[in-house]
Amino acid sequence: RHTVQQTRGMATEKQLFVQMQSTKNIQKITSSMKMVSAAKLKGDENRLAAAKPFNAWTTALCGEPISMEDATFDDLPQKALLVPMTSDKGLCGGVNTFISRGVRVAVRKMQESGRECDIVVIGDKGRGQLRRLFGDKIKRTATEVVSPGTYTLAAALSAELVAAGAADYDAVVIMYNTYVNAAVYKQNYKIIKPFAGEGEDEPMMAYEFEPDTKSEVMVDLYEYLLTSQLFHSFMDGAASEQSSRMSAMENASKNAGEMIESLSLRYNRARQARITTELIEIISGASALEG
């Protein structure tokens, strides 16, 4: 019986050692992921800085992006197409959760007031989180999106939105993370309404259109506007994702360090207890022989 007890103690010590080694390996991975994200963030910051002036013209047509924090979503029209922009990869803090939460709130508010909405999800993580709740509302999903995003990619996605019938909705609502600095990102949404209307509601009354008919130009301009807005949202979201991943991996490395310290303490205690027990047994055995 005594031998069984001893073996169990030995196994615990060995288990602690194995756990320590695996935690150290995880710490190495998380710290190297943090370094990679820091390097990628620099590139994403540069791309975002270039995308901002490129997309500045859209403000005159769509207005400024609106913060999702405490948003009531009363400004969304009767029938909207929600486009949440999430990432394909995880381990990046709450970037995807915040967007999914925003979509949930928007859908609930719209349903309460008798409005309709459909969803086109960009990114695998968003699809996973929203499919359980709004599987019937998701019309299309775009996953395995190539990183870093390019204008060609944004154009392909806007073509997908148009194919999903974007022009049939009163507005396309892009929901995305906006990068503030390496430690902070926020959630915004943009409302992009199609250029439709008759009489006084006719868009761009002050301009003349040649040689094409105005309706054709408006369709092309709407698709270009969607592409430009998607491109900017992509760049903003990519920078937010990397900054969030950097923070998440830094926290993970710190937590692993604390866990290693606590495991080392337990391991050393178990080792000392085993050595003490062995010494007592040797001394007891020697004194028994003398006696």
# chains A, B, ... in the order shown; residues from 1 in each chain; ligands from 1

call {"tool": "closest_atom_pairs", "arguments": {"of": "range 160-260 of chain A", "to": "range 23-46 of chain A", "cutoff": "12 Å", "atoms": "only C-alpha atoms", "output": "Markdown table"}}
result
| residue | atom | partner | partner_atom | distance |
| --- | --- | --- | --- | --- |
| A:Thr178 | CA | A:Glu45 | CA | 11.5 |
| A:Tyr179 | CA | A:Glu45 | CA | 8.8 |
| A:Val180 | CA | A:Glu45 | CA | 10.3 |
| A:Asn181 | CA | A:Glu45 | CA | 9.4 |
| A:Ala182 | CA | A:Leu41 | CA | 8.3 |
| A:Ala183 | CA | A:Leu41 | CA | 11.6 |
| A:His232 | CA | A:Asp44 | CA | 11.5 |
| A:Phe234 | CA | A:Asp44 | CA | 10.0 |
| A:Met235 | CA | A:Asp44 | CA | 6.8 |
| A:Asp236 | CA | A:Asp44 | CA | 8.2 |
| A:Gly237 | CA | A:Asp44 | CA | 9.3 |
| A:Ala238 | CA | A:Asp44 | CA | 6.5 |
| A:Ala239 | CA | A:Asp44 | CA | 5.1 |
| A:Ser240 | CA | A:Leu41 | CA | 8.5 |
| A:Glu241 | CA | A:Leu41 | CA | 8.7 |
| A:Gln242 | CA | A:Ser37 | CA | 5.4 |
| A:Ser243 | CA | A:Leu41 | CA | 6.4 |
| A:Ser244 | CA | A:Ser37 | CA | 9.0 |
| A:Arg245 | CA | A:Ser37 | CA | 6.6 |
| A:Met246 | CA | A:Lys34 | CA | 4.8 |
| A:Ser247 | CA | A:Lys34 | CA | 7.6 |
| A:Ala248 | CA | A:Lys34 | CA | 8.1 |
| A:Met249 | CA | A:Thr30 | CA | 5.2 |
| A:Glu250 | CA | A:Lys34 | CA | 6.2 |
| A:Asn251 | CA | A:Thr30 | CA | 9.0 |
| A:Ala252 | CA | A:Thr30 | CA | 6.5 |
| A:Ser253 | CA | A:Gln27 | CA | 5.1 |
| A:Lys254 | CA | A:Gln27 | CA | 8.2 |
| A:Asn255 | CA | A:Gln27 | CA | 8.7 |
| A:Ala256 | CA | A:Gln27 | CA | 5.7 |
| A:Gly257 | CA | A:Gln27 | CA | 7.2 |
| A:Glu258 | CA | A:Thr23 | CA | 10.2 |
| A:Met259 | CA | A:Thr23 | CA | 7.6 |
| A:Ile260 | CA | A:Thr23 | CA | 6.6 |

call {"tool": "residues_around", "arguments": {"residues": "range 126-130 of chain A", "least_positions_apart": "3", "cutoff": "9 Å", "atoms": "only C-alpha atoms", "output": "VMD selection string"}}
result
chain A and resid 84 to 88 96 to 97 99 to 100 103 to 104 121 to 123 133 to 135 138 141 to 143

call {"tool": "select_by_dssp", "arguments": {"residues": "range 4-117 of chain A", "states": "helix (DSSP H, G or I)", "output": "PyMOL selection string"}}
result
chain A and resi 4-54+56-62+95-112

call {"tool": "residues_around", "arguments": {"residues": "range 159-167 of chain A", "least_positions_apart": "2", "cutoff": "12 Å", "atoms": "only C-alpha atoms", "output": "ChimeraX atom specification"}}
result
/A:79-83,117-122,138-142,152-157,169-174,192-196,218-227,230

call {"tool": "decode", "arguments": {"residues": "range 66-87 of chain A", "atoms": "C-alpha atoms", "output": "JSON list (two decimals), in the first residue's frame"}}
result
[["chain", "number", "residue", "atom", "x", "y", "z"],
["A", 66, "ILE", "CA", -21.53, 56.05, -37.16],
["A", 67, "SER", "CA", -20.25, 54.51, -33.92],
["A", 68, "MET", "CA", -21.92, 51.23, -32.89],
["A", 69, "GLU", "CA", -21.40, 51.98, -29.20],
["A", 70, "ASP", "CA", -24.86, 52.61, -27.65],
["A", 71, "ALA", "CA", -26.33, 52.81, -31.19],
["A", 72, "THR", "CA", -30.14, 52.60, -31.45],
["A", 73, "PHE", "CA", -30.03, 51.77, -35.21],
["A", 74, "ASP", "CA", -33.12, 53.97, -35.73],
["A", 75, "ASP", "CA", -31.37, 55.47, -38.76],
["A", 76, "LEU", "CA", -31.51, 52.16, -40.67],
["A", 77, "PRO", "CA", -34.20, 52.10, -43.39],
["A", 78, "GLN", "CA", -37.16, 49.74, -43.83],
["A", 79, "LYS", "CA", -35.16, 47.04, -45.65],
["A", 80, "ALA", "CA", -31.40, 46.78, -45.11],
["A", 81, "LEU", "CA", -28.59, 44.42, -46.06],
["A", 82, "LEU", "CA", -26.16, 44.08, -43.12],
["A", 83, "VAL", "CA", -22.53, 43.34, -44.03],
["A", 84, "PRO", "CA", -20.51, 42.42, -40.89],
["A", 85, "MET", "CA", -16.75, 42.34, -41.62],
["A", 86, "THR", "CA", -14.98, 39.75, -39.47],
["A", 87, "SER", "CA", -11.71, 37.82, -39.67]]
